[in-house]
>>> print(open('final_38.pdb').read())   # PDB, C-alpha atoms
MODEL        1
ATOM      1  CA  LEU A 234       6.698 -26.678  20.904
ATOM      2  CA  ALA A 235       3.393 -27.373  22.601
ATOM      3  CA  LYS A 236       0.953 -28.971  20.173
ATOM      4  CA  THR A 237      -2.460 -27.347  19.925
ATOM      5  CA  THR A 238      -5.898 -28.765  19.198
ATOM      6  CA  GLN A 239      -8.802 -26.672  17.935
ATOM      7  CA  PRO A 240     -12.207 -27.453  16.418
ATOM      8  CA  ILE A 241     -11.964 -27.727  12.657
ATOM      9  CA  SER A 242     -15.001 -25.563  11.992
ATOM     10  CA  MET A 243     -17.708 -23.508  13.690
ATOM     11  CA  ASP A 244     -20.846 -21.749  12.500
ATOM     12  CA  SER A 245     -22.386 -18.666  14.051
ATOM     13  CA  TYR A 246     -24.924 -15.969  13.251
ATOM     14  CA  GLU A 247     -24.363 -12.284  13.021
ATOM     15  CA  GLY A 248     -24.499 -10.516  16.368
ATOM     16  CA  GLN A 249     -23.636 -13.582  18.417
ATOM     17  CA  GLU A 250     -20.583 -14.027  20.627
ATOM     18  CA  VAL A 251     -18.222 -16.721  19.373
ATOM     19  CA  ASN A 252     -15.835 -18.654  21.600
ATOM     20  CA  ILE A 253     -13.105 -20.801  20.074
ATOM     21  CA  THR A 254     -11.202 -23.017  22.483
ATOM     22  CA  CYS A 255      -7.671 -24.257  21.924
ATOM     23  CA  SER A 256      -6.142 -27.111  23.939
ATOM     24  CA  HIS A 257      -2.405 -27.083  24.647
ATOM     25  CA  ASN A 258      -1.795 -29.648  27.365
ATOM     26  CA  ASN A 259       2.011 -29.569  27.036
ATOM     27  CA  ILE A 260       2.443 -25.811  27.278
ATOM     28  CA  ALA A 261       5.793 -24.821  28.791
ATOM     29  CA  THR A 262       6.394 -22.232  31.486
ATOM     30  CA  ASN A 263       7.798 -19.653  29.065
ATOM     31  CA  ASP A 264       5.204 -20.176  26.338
ATOM     32  CA  TYR A 265       2.800 -17.451  25.246
ATOM     33  CA  ILE A 266      -0.519 -18.086  23.494
ATOM     34  CA  THR A 267      -1.101 -16.208  20.256
ATOM     35  CA  TRP A 268      -4.104 -16.147  17.933
ATOM     36  CA  TYR A 269      -4.056 -15.263  14.249
ATOM     37  CA  GLN A 270      -6.867 -14.624  11.766
ATOM     38  CA  GLN A 271      -6.677 -15.463   8.073
ATOM     39  CA  PHE A 272      -9.069 -14.298   5.374
ATOM     40  CA  PRO A 273      -9.143 -16.081   2.001
ATOM     41  CA  SER A 274      -6.221 -15.186  -0.261
ATOM     42  CA  GLN A 275      -4.470 -13.231   2.515
ATOM     43  CA  GLY A 276      -1.690 -13.937   4.961
ATOM     44  CA  PRO A 277      -2.584 -14.518   8.617
ATOM     45  CA  ARG A 278      -2.694 -11.473  10.835
ATOM     46  CA  PHE A 279      -2.193 -11.185  14.582
ATOM     47  CA  ILE A 280      -5.320 -10.846  16.719
ATOM     48  CA  ILE A 281      -4.333 -11.239  20.352
ATOM     49  CA  GLN A 282      -1.681 -12.691  22.642
ATOM     50  CA  GLY A 283      -1.593 -13.615  26.298
ATOM     51  CA  TYR A 284       0.297 -15.483  28.988
ATOM     52  CA  LYS A 285      -2.266 -15.948  31.756
ATOM     53  CA  THR A 286      -5.703 -14.791  32.975
ATOM     54  CA  LYS A 287      -7.529 -12.489  30.573
ATOM     55  CA  VAL A 288      -6.415 -10.168  27.816
ATOM     56  CA  THR A 289      -8.727  -7.848  25.907
ATOM     57  CA  ASN A 290      -8.158  -5.586  22.944
ATOM     58  CA  GLU A 291     -10.391  -3.792  20.458
ATOM     59  CA  VAL A 292     -10.927  -6.973  18.446
ATOM     60  CA  ALA A 293     -11.197  -9.882  20.889
ATOM     61  CA  SER A 294     -10.672 -11.276  24.360
ATOM     62  CA  LEU A 295      -8.454 -14.149  25.352
ATOM     63  CA  PHE A 296      -9.241 -16.212  28.417
ATOM     64  CA  ILE A 297      -6.525 -18.407  29.910
ATOM     65  CA  PRO A 298      -7.254 -20.572  32.978
ATOM     66  CA  ALA A 299      -4.766 -20.941  35.802
ATOM     67  CA  ASP A 300      -3.338 -24.250  34.527
ATOM     68  CA  ARG A 301      -2.836 -22.698  31.044
ATOM     69  CA  LYS A 302      -3.638 -26.016  29.352
ATOM     70  CA  SER A 303      -6.257 -24.351  27.202
ATOM     71  CA  SER A 304      -7.289 -20.911  26.031
ATOM     72  CA  THR A 305     -10.459 -19.409  24.610
ATOM     73  CA  LEU A 306     -10.646 -16.728  21.964
ATOM     74  CA  SER A 307     -13.839 -14.716  22.329
ATOM     75  CA  LEU A 308     -15.187 -12.595  19.484
ATOM     76  CA  PRO A 309     -18.017 -10.313  20.642
ATOM     77  CA  ARG A 310     -21.012  -9.788  18.329
ATOM     78  CA  VAL A 311     -19.546 -11.239  15.165
ATOM     79  CA  SER A 312     -20.360  -9.903  11.720
ATOM     80  CA  LEU A 313     -20.113 -11.485   8.271
ATOM     81  CA  SER A 314     -16.638  -9.995   7.924
ATOM     82  CA  ASP A 315     -15.399 -12.176  10.802
ATOM     83  CA  THR A 316     -15.720 -15.243   8.575
ATOM     84  CA  ALA A 317     -12.135 -16.523   8.488
ATOM     85  CA  VAL A 318      -9.786 -19.208   9.743
ATOM     86  CA  TYR A 319      -8.462 -18.709  13.266
ATOM     87  CA  TYR A 320      -5.174 -20.229  14.374
ATOM     88  CA  CYS A 321      -3.930 -20.788  17.919
ATOM     89  CA  LEU A 322      -0.162 -20.927  18.414
ATOM     90  CA  VAL A 323       1.843 -21.618  21.544
ATOM     91  CA  GLY A 324       5.504 -20.736  21.888
ATOM     92  CA  ALA A 325       8.136 -18.553  23.503
ATOM     93  CA  GLU A 326      10.885 -16.199  22.485
ATOM     94  CA  ASN A 327      13.424 -18.999  22.275
ATOM     95  CA  TYR A 328      11.202 -20.752  19.781
ATOM     96  CA  GLY A 329      10.824 -17.849  17.402
ATOM     97  CA  GLN A 330      12.257 -20.055  14.732
ATOM     98  CA  ASN A 331       9.533 -22.614  14.987
ATOM     99  CA  PHE A 332       6.041 -21.175  14.769
ATOM    100  CA  VAL A 333       3.983 -24.207  13.800
ATOM    101  CA  PHE A 334       0.456 -23.635  12.499
ATOM    102  CA  GLY A 335      -2.179 -26.316  12.809
ATOM    103  CA  PRO A 336      -5.223 -26.493  10.498
ATOM    104  CA  GLY A 337      -6.995 -23.794  12.507
ATOM    105  CA  THR A 338     -10.733 -23.261  13.063
ATOM    106  CA  ARG A 339     -12.822 -22.219  10.084
ATOM    107  CA  LEU A 340     -15.490 -19.820  11.393
ATOM    108  CA  SER A 341     -18.491 -19.180   9.177
ATOM    109  CA  VAL A 342     -20.751 -16.302  10.178
ATOM    110  CA  LEU A 343     -24.226 -16.561   8.705
ATOM    111  CA  PRO A 344     -26.714 -13.708   8.208
TER     112      PRO A 344
ATOM    113  CA  ASN B  73       6.740   1.389   6.294
ATOM    114  CA  ALA B  74       5.776  -1.376   3.841
ATOM    115  CA  GLY B  75       5.991  -4.335   6.271
ATOM    116  CA  VAL B  76       6.637  -7.635   4.469
ATOM    117  CA  THR B  77       6.692  -7.464   0.678
ATOM    118  CA  GLN B  78       6.517 -10.562  -1.507
ATOM    119  CA  THR B  79       7.074 -10.787  -5.242
ATOM    120  CA  PRO B  80       5.746 -12.030  -7.551
ATOM    121  CA  LYS B  81       2.088 -12.315  -6.501
ATOM    122  CA  PHE B  82       1.408 -14.936  -9.168
ATOM    123  CA  GLN B  83       3.684 -17.265 -11.113
ATOM    124  CA  VAL B  84       3.168 -20.185 -13.471
ATOM    125  CA  LEU B  85       6.051 -22.577 -14.050
ATOM    126  CA  LYS B  86       6.611 -25.704 -16.047
ATOM    127  CA  THR B  87       7.896 -28.818 -14.346
ATOM    128  CA  GLY B  88      11.663 -28.670 -13.981
ATOM    129  CA  GLN B  89      11.975 -24.898 -14.165
ATOM    130  CA  SER B  90      13.610 -22.974 -11.355
ATOM    131  CA  MET B  91      12.615 -19.668  -9.850
ATOM    132  CA  THR B  92      13.040 -17.447  -6.811
ATOM    133  CA  LEU B  93      10.303 -15.997  -4.654
ATOM    134  CA  GLN B  94      11.395 -12.723  -3.139
ATOM    135  CA  CYS B  95      10.648 -11.536   0.386
ATOM    136  CA  ALA B  96      11.726  -8.233   1.898
ATOM    137  CA  GLN B  97      10.893  -6.586   5.214
ATOM    138  CA  ASP B  98      11.644  -3.073   6.420
ATOM    139  CA  MET B  99      11.020  -3.580  10.143
ATOM    140  CA  ASN B 100      14.550  -4.695  11.045
ATOM    141  CA  HIS B 101      13.208  -8.082  12.124
ATOM    142  CA  GLU B 102      15.800 -10.706  12.948
ATOM    143  CA  TYR B 103      13.532 -13.667  12.266
ATOM    144  CA  MET B 104      12.166 -14.488   8.808
ATOM    145  CA  SER B 105      10.414 -17.586   7.543
ATOM    146  CA  TRP B 106       8.666 -19.162   4.577
ATOM    147  CA  TYR B 107       5.423 -21.143   4.736
ATOM    148  CA  ARG B 108       3.390 -22.918   2.116
ATOM    149  CA  GLN B 109      -0.364 -23.297   2.277
ATOM    150  CA  ASP B 110      -2.190 -25.853   0.190
ATOM    151  CA  PRO B 111      -5.947 -25.481  -0.461
ATOM    152  CA  GLY B 112      -8.010 -25.890   2.703
ATOM    153  CA  MET B 113      -4.924 -26.575   4.775
ATOM    154  CA  GLY B 114      -2.958 -24.804   7.453
ATOM    155  CA  LEU B 115       0.491 -23.320   6.946
ATOM    156  CA  ARG B 116       3.561 -25.526   6.859
ATOM    157  CA  LEU B 117       6.985 -24.143   7.667
ATOM    158  CA  ILE B 118       9.557 -24.566   4.872
ATOM    159  CA  HIS B 119      12.677 -22.710   6.065
ATOM    160  CA  TYR B 120      13.454 -20.018   8.573
ATOM    161  CA  SER B 121      16.266 -17.691   9.575
ATOM    162  CA  VAL B 122      17.116 -16.036  12.895
ATOM    163  CA  GLY B 123      19.560 -13.564  11.377
ATOM    164  CA  ALA B 124      21.802 -12.774   8.436
ATOM    165  CA  GLY B 125      23.903 -15.780   7.516
ATOM    166  CA  ILE B 126      21.793 -18.206   9.573
ATOM    167  CA  THR B 127      19.122 -20.476   8.090
ATOM    168  CA  ASP B 128      17.498 -23.722   9.125
ATOM    169  CA  GLN B 129      14.931 -26.201   7.876
ATOM    170  CA  GLY B 130      11.286 -26.350   8.863
ATOM    171  CA  GLU B 131       8.737 -29.123   8.357
ATOM    172  CA  VAL B 132       8.835 -29.368   4.551
ATOM    173  CA  PRO B 133      12.241 -28.153   3.254
ATOM    174  CA  ASN B 134      12.778 -30.597   0.374
ATOM    175  CA  GLY B 135      12.944 -28.939  -3.037
ATOM    176  CA  TYR B 136      13.589 -25.468  -1.614
ATOM    177  CA  ASN B 137      16.701 -23.467  -0.825
ATOM    178  CA  VAL B 138      17.071 -20.236   1.115
ATOM    179  CA  SER B 139      19.809 -17.779   1.976
ATOM    180  CA  ARG B 140      19.955 -14.720   4.217
ATOM    181  CA  SER B 141      22.681 -12.341   3.153
ATOM    182  CA  THR B 142      21.000  -9.258   4.633
ATOM    183  CA  THR B 143      18.577  -8.616   7.477
ATOM    184  CA  GLU B 144      15.956  -7.332   5.022
ATOM    185  CA  ASP B 145      15.816 -10.091   2.402
ATOM    186  CA  PHE B 146      15.000 -13.796   2.541
ATOM    187  CA  PRO B 147      14.530 -15.298  -0.947
ATOM    188  CA  LEU B 148      13.098 -18.788  -1.468
ATOM    189  CA  ARG B 149      14.467 -20.768  -4.398
ATOM    190  CA  LEU B 150      12.744 -23.634  -6.131
ATOM    191  CA  LEU B 151      15.500 -25.641  -7.750
ATOM    192  CA  SER B 152      13.437 -27.847 -10.093
ATOM    193  CA  ALA B 153       9.729 -27.144  -9.819
ATOM    194  CA  ALA B 154       7.295 -30.039  -9.439
ATOM    195  CA  PRO B 155       3.465 -30.040  -9.582
ATOM    196  CA  SER B 156       3.474 -30.920  -5.863
ATOM    197  CA  GLN B 157       4.921 -27.466  -5.215
ATOM    198  CA  THR B 158       1.777 -25.783  -6.504
ATOM    199  CA  SER B 159       0.719 -23.768  -3.487
ATOM    200  CA  VAL B 160       0.459 -20.326  -1.955
ATOM    201  CA  TYR B 161       3.685 -19.223  -0.310
ATOM    202  CA  PHE B 162       3.806 -16.808   2.593
ATOM    203  CA  CYS B 163       6.805 -15.029   4.002
ATOM    204  CA  ALA B 164       6.694 -13.859   7.618
ATOM    205  CA  SER B 165       8.990 -11.994   9.972
ATOM    206  CA  SER B 166       9.258 -11.036  13.613
ATOM    207  CA  HIS B 167      11.598  -9.637  16.215
ATOM    208  CA  LEU B 168      13.506 -12.019  18.446
ATOM    209  CA  GLU B 169      13.380 -10.510  21.899
ATOM    210  CA  ALA B 170      12.258 -11.267  25.406
ATOM    211  CA  GLY B 171       8.612 -12.155  25.492
ATOM    212  CA  ALA B 172       6.616 -13.884  22.781
ATOM    213  CA  ASN B 173       7.048 -12.969  19.160
ATOM    214  CA  VAL B 174       4.301 -11.928  16.759
ATOM    215  CA  LEU B 175       4.634 -12.781  13.097
ATOM    216  CA  THR B 176       3.944 -10.239  10.356
ATOM    217  CA  PHE B 177       2.981 -11.908   7.079
ATOM    218  CA  GLY B 178       3.299 -10.861   3.481
ATOM    219  CA  ALA B 179       0.356 -10.980   1.066
ATOM    220  CA  GLY B 180       1.459 -14.285  -0.433
ATOM    221  CA  SER B 181       2.750 -15.615  -3.757
ATOM    222  CA  ARG B 182       0.530 -18.031  -5.654
ATOM    223  CA  LEU B 183       2.585 -20.568  -7.594
ATOM    224  CA  THR B 184       1.237 -23.019 -10.161
ATOM    225  CA  VAL B 185       3.503 -25.733 -11.568
ATOM    226  CA  LEU B 186       2.237 -27.413 -14.719
TER     227      LEU B 186
ENDMDL
END
>>> encode(input="final_38.pdb", output="structure tokens")
Amino acid sequence: LAKTTQPISMDSYEGQEVNITCSHNNIATNDYITWYQQFPSQGPRFIIQGYKTKVTNEVASLFIPADRKSSTLSLPRVSLSDTAVYYCLVGAENYGQNFVFGPGTRLSVLP
Amino acid sequence: NAGVTQTPKFQVLKTGQSMTLQCAQDMNHEYMSWYRQDPGMGLRLIHYSVGAGITDQGEVPNGYNVSRSTTEDFPLRLLSAAPSQTSVYFCASSHLEAGANVLTFGAGSRLTVL
């Protein structure tokens, strides 16, 4: 599996846009990029997934450059409730048995 | 549709005791897995299964056993609990199909070993 690197922590203020970048230099051709969010005392939950270019849903956007060696999760106008840990995972259907989570990025949204 | 259900939510054990953490999913997912999460840390994969009768080890399998007799259930057994196994345990499942897979997690089981 491609190893990922993310910032350990980030601070932001309410109403700002937050961008969290994940590096995955060894991403394979079949690999997808998936982001999860985890609140304290809860299991992670899926936010967004993409393969290339840009993906947007009601929660976030995911930007993936042409070389796919990195990706950026964008959270528009964050609120206090977006304070959580965000994990970037890279893998493909053949690696369903091996989702490996790194330490993630701890986002703190301040009032 | 309950998703992934874990029991118990909390458990306190004494060193050397054994117990089983239960995990059940009602989404007909082929893939199921167990993670542990220590305070302030990411999730570490303990064991996983890609279908009934098939299990394999993850990053940190020592001290844990699993079995998969049905598609729905994937229990995690602690054979002889140690304080180092104090952690929060998460069960997760997903389909195995073309395209990337998305994990659905349970609410977690908090285990304390004294």
>>> resolve_selection(input="final_38.pdb", expression="the ChimeraX specification (/A :<10) & /B", output="PyMOL selection string")
chain B and resi 102-105+107+109+112-117+119-122+127-131+160-182
>>> atom_distance(input="final_38.pdb", atom1="atom CA of A:Thr262", atom2="atom CA of A:Thr237")
15.4 Å
>>> resolve_selection(input="final_38.pdb", expression="the PyMOL selection byres ((chain A and resi 257) around 7)", output="PyMOL selection string")
chain A and resi 235-238+255-256+258-260+302-303
>>> resolve_selection(input="final_38.pdb", expression="the PyMOL selection byres ((chain B and resi 184) around 8)", output="MDAnalysis selection string")
chainID B and resid 83:85 155 157:159 182:183 185:186
>>> write_last_selection(input="final_38.pdb", atoms="C-alpha atoms", output="compact mmCIF listing (two decimals), in the frame of the given file")
# COMPACT_ATOMS: atom_id res chain seq x y z
CA GLN B 83 3.68 -17.26 -11.11
CA VAL B 84 3.17 -20.18 -13.47
CA LEU B 85 6.05 -22.58 -14.05
CA PRO B 155 3.46 -30.04 -9.58
CA GLN B 157 4.92 -27.47 -5.22
CA THR B 158 1.78 -25.78 -6.50
CA SER B 159 0.72 -23.77 -3.49
CA ARG B 182 0.53 -18.03 -5.65
CA LEU B 183 2.58 -20.57 -7.59
CA VAL B 185 3.50 -25.73 -11.57
CA LEU B 186 2.24 -27.41 -14.72
>>> atom_distance(input="final_38.pdb", atom1="atom CA of B:Met91", atom2="atom CA of B:Asn137")
10.6 Å
>>> closest_residue(input="final_38.pdb", among="A:Gln270, A:Tyr246, A:Ile253, A:Thr286", to="A:Leu313", atoms="all atoms listed in the file")
A:Tyr246
>>> atom_distance(input="final_38.pdb", atom1="atom CA of A:Glu247", atom2="atom CA of A:Phe296")
21.9 Å
>>> axis_aligned_box(input="final_38.pdb", around="stretch 101-114 of chain B", padding_each_side="3 Å", output="lines of an AutoDock Vina configuration file")
center_x = 3.9
center_y = -17.3
center_z = 6.2
size_x = 29.8
size_y = 24.5
size_z = 19.4
>>> decode(input="final_38.pdb", residues="stretch 238-261 of chain A", atoms="N, CA and C atoms", output="PDB file, in the first residue's frame")
ATOM      1  N   THR A 238       1.539  10.725   4.062  1.00  0.00           N
ATOM      2  CA  THR A 238       2.088  11.680   5.014  1.00  0.00           C
ATOM      3  C   THR A 238       1.169  12.886   5.083  1.00  0.00           C
ATOM      4  N   GLN A 239       0.746  13.221   6.307  1.00  0.00           N
ATOM      5  CA  GLN A 239      -0.125  14.366   6.531  1.00  0.00           C
ATOM      6  C   GLN A 239       0.446  15.201   7.663  1.00  0.00           C
ATOM      7  N   PRO A 240       0.053  16.494   7.742  1.00  0.00           N
ATOM      8  CA  PRO A 240       0.446  17.266   8.933  1.00  0.00           C
ATOM      9  C   PRO A 240      -0.203  16.665  10.169  1.00  0.00           C
ATOM     10  N   ILE A 241       0.500  16.726  11.277  1.00  0.00           N
ATOM     11  CA  ILE A 241      -0.025  16.149  12.512  1.00  0.00           C
ATOM     12  C   ILE A 241      -1.192  16.960  13.052  1.00  0.00           C
ATOM     13  N   SER A 242      -1.114  18.274  12.939  1.00  0.00           N
ATOM     14  CA  SER A 242      -2.186  19.107  13.477  1.00  0.00           C
ATOM     15  C   SER A 242      -2.314  20.404  12.681  1.00  0.00           C
ATOM     16  N   MET A 243      -3.501  20.985  12.760  1.00  0.00           N
ATOM     17  CA  MET A 243      -3.790  22.277  12.129  1.00  0.00           C
ATOM     18  C   MET A 243      -4.794  23.022  12.992  1.00  0.00           C
ATOM     19  N   ASP A 244      -4.671  24.330  13.020  1.00  0.00           N
ATOM     20  CA  ASP A 244      -5.653  25.182  13.693  1.00  0.00           C
ATOM     21  C   ASP A 244      -6.327  26.070  12.660  1.00  0.00           C
ATOM     22  N   SER A 245      -7.600  26.360  12.899  1.00  0.00           N
ATOM     23  CA  SER A 245      -8.327  27.262  12.019  1.00  0.00           C
ATOM     24  C   SER A 245      -9.365  28.005  12.848  1.00  0.00           C
ATOM     25  N   TYR A 246      -9.980  29.003  12.244  1.00  0.00           N
ATOM     26  CA  TYR A 246     -11.052  29.744  12.896  1.00  0.00           C
ATOM     27  C   TYR A 246     -12.355  29.481  12.171  1.00  0.00           C
ATOM     28  N   GLU A 247     -13.409  29.625  12.907  1.00  0.00           N
ATOM     29  CA  GLU A 247     -14.726  29.423  12.310  1.00  0.00           C
ATOM     30  C   GLU A 247     -14.906  30.289  11.063  1.00  0.00           C
ATOM     31  N   GLY A 248     -15.521  29.716  10.053  1.00  0.00           N
ATOM     32  CA  GLY A 248     -15.803  30.452   8.828  1.00  0.00           C
ATOM     33  C   GLY A 248     -14.701  30.407   7.791  1.00  0.00           C
ATOM     34  N   GLN A 249     -13.523  29.922   8.176  1.00  0.00           N
ATOM     35  CA  GLN A 249     -12.424  29.854   7.226  1.00  0.00           C
ATOM     36  C   GLN A 249     -12.492  28.566   6.406  1.00  0.00           C
ATOM     37  N   GLU A 250     -11.817  28.574   5.261  1.00  0.00           N
ATOM     38  CA  GLU A 250     -11.648  27.362   4.471  1.00  0.00           C
ATOM     39  C   GLU A 250     -10.381  26.665   4.954  1.00  0.00           C
ATOM     40  N   VAL A 251     -10.467  25.356   5.125  1.00  0.00           N
ATOM     41  CA  VAL A 251      -9.321  24.583   5.594  1.00  0.00           C
ATOM     42  C   VAL A 251      -8.904  23.607   4.504  1.00  0.00           C
ATOM     43  N   ASN A 252      -7.619  23.567   4.230  1.00  0.00           N
ATOM     44  CA  ASN A 252      -7.063  22.631   3.253  1.00  0.00           C
ATOM     45  C   ASN A 252      -6.046  21.733   3.937  1.00  0.00           C
ATOM     46  N   ILE A 253      -6.256  20.452   3.859  1.00  0.00           N
ATOM     47  CA  ILE A 253      -5.336  19.472   4.448  1.00  0.00           C
ATOM     48  C   ILE A 253      -4.740  18.668   3.308  1.00  0.00           C
ATOM     49  N   THR A 254      -3.419  18.700   3.202  1.00  0.00           N
ATOM     50  CA  THR A 254      -2.751  18.009   2.100  1.00  0.00           C
ATOM     51  C   THR A 254      -2.158  16.694   2.574  1.00  0.00           C
ATOM     52  N   CYS A 255      -2.282  15.691   1.741  1.00  0.00           N
ATOM     53  CA  CYS A 255      -1.749  14.361   2.016  1.00  0.00           C
ATOM     54  C   CYS A 255      -0.782  14.005   0.893  1.00  0.00           C
ATOM     55  N   SER A 256       0.408  13.554   1.241  1.00  0.00           N
ATOM     56  CA  SER A 256       1.397  13.125   0.249  1.00  0.00           C
ATOM     57  C   SER A 256       1.375  11.605   0.143  1.00  0.00           C
ATOM     58  N   HIS A 257       1.369  11.115  -1.078  1.00  0.00           N
ATOM     59  CA  HIS A 257       1.396   9.661  -1.323  1.00  0.00           C
ATOM     60  C   HIS A 257       2.193   9.416  -2.585  1.00  0.00           C
ATOM     61  N   ASN A 258       3.515   9.550  -2.447  1.00  0.00           N
ATOM     62  CA  ASN A 258       4.422   9.499  -3.594  1.00  0.00           C
ATOM     63  C   ASN A 258       4.412   8.157  -4.311  1.00  0.00           C
ATOM     64  N   ASN A 259       4.104   7.077  -3.606  1.00  0.00           N
ATOM     65  CA  ASN A 259       4.168   5.735  -4.203  1.00  0.00           C
ATOM     66  C   ASN A 259       2.798   5.202  -4.613  1.00  0.00           C
ATOM     67  N   ILE A 260       1.872   6.085  -4.868  1.00  0.00           N
ATOM     68  CA  ILE A 260       0.518   5.652  -5.222  1.00  0.00           C
ATOM     69  C   ILE A 260       0.559   4.816  -6.498  1.00  0.00           C
ATOM     70  N   ALA A 261      -0.221   3.724  -6.501  1.00  0.00           N
ATOM     71  CA  ALA A 261      -0.257   2.820  -7.646  1.00  0.00           C
ATOM     72  C   ALA A 261      -1.399   3.199  -8.591  1.00  0.00           C
TER      73      ALA A 261
END
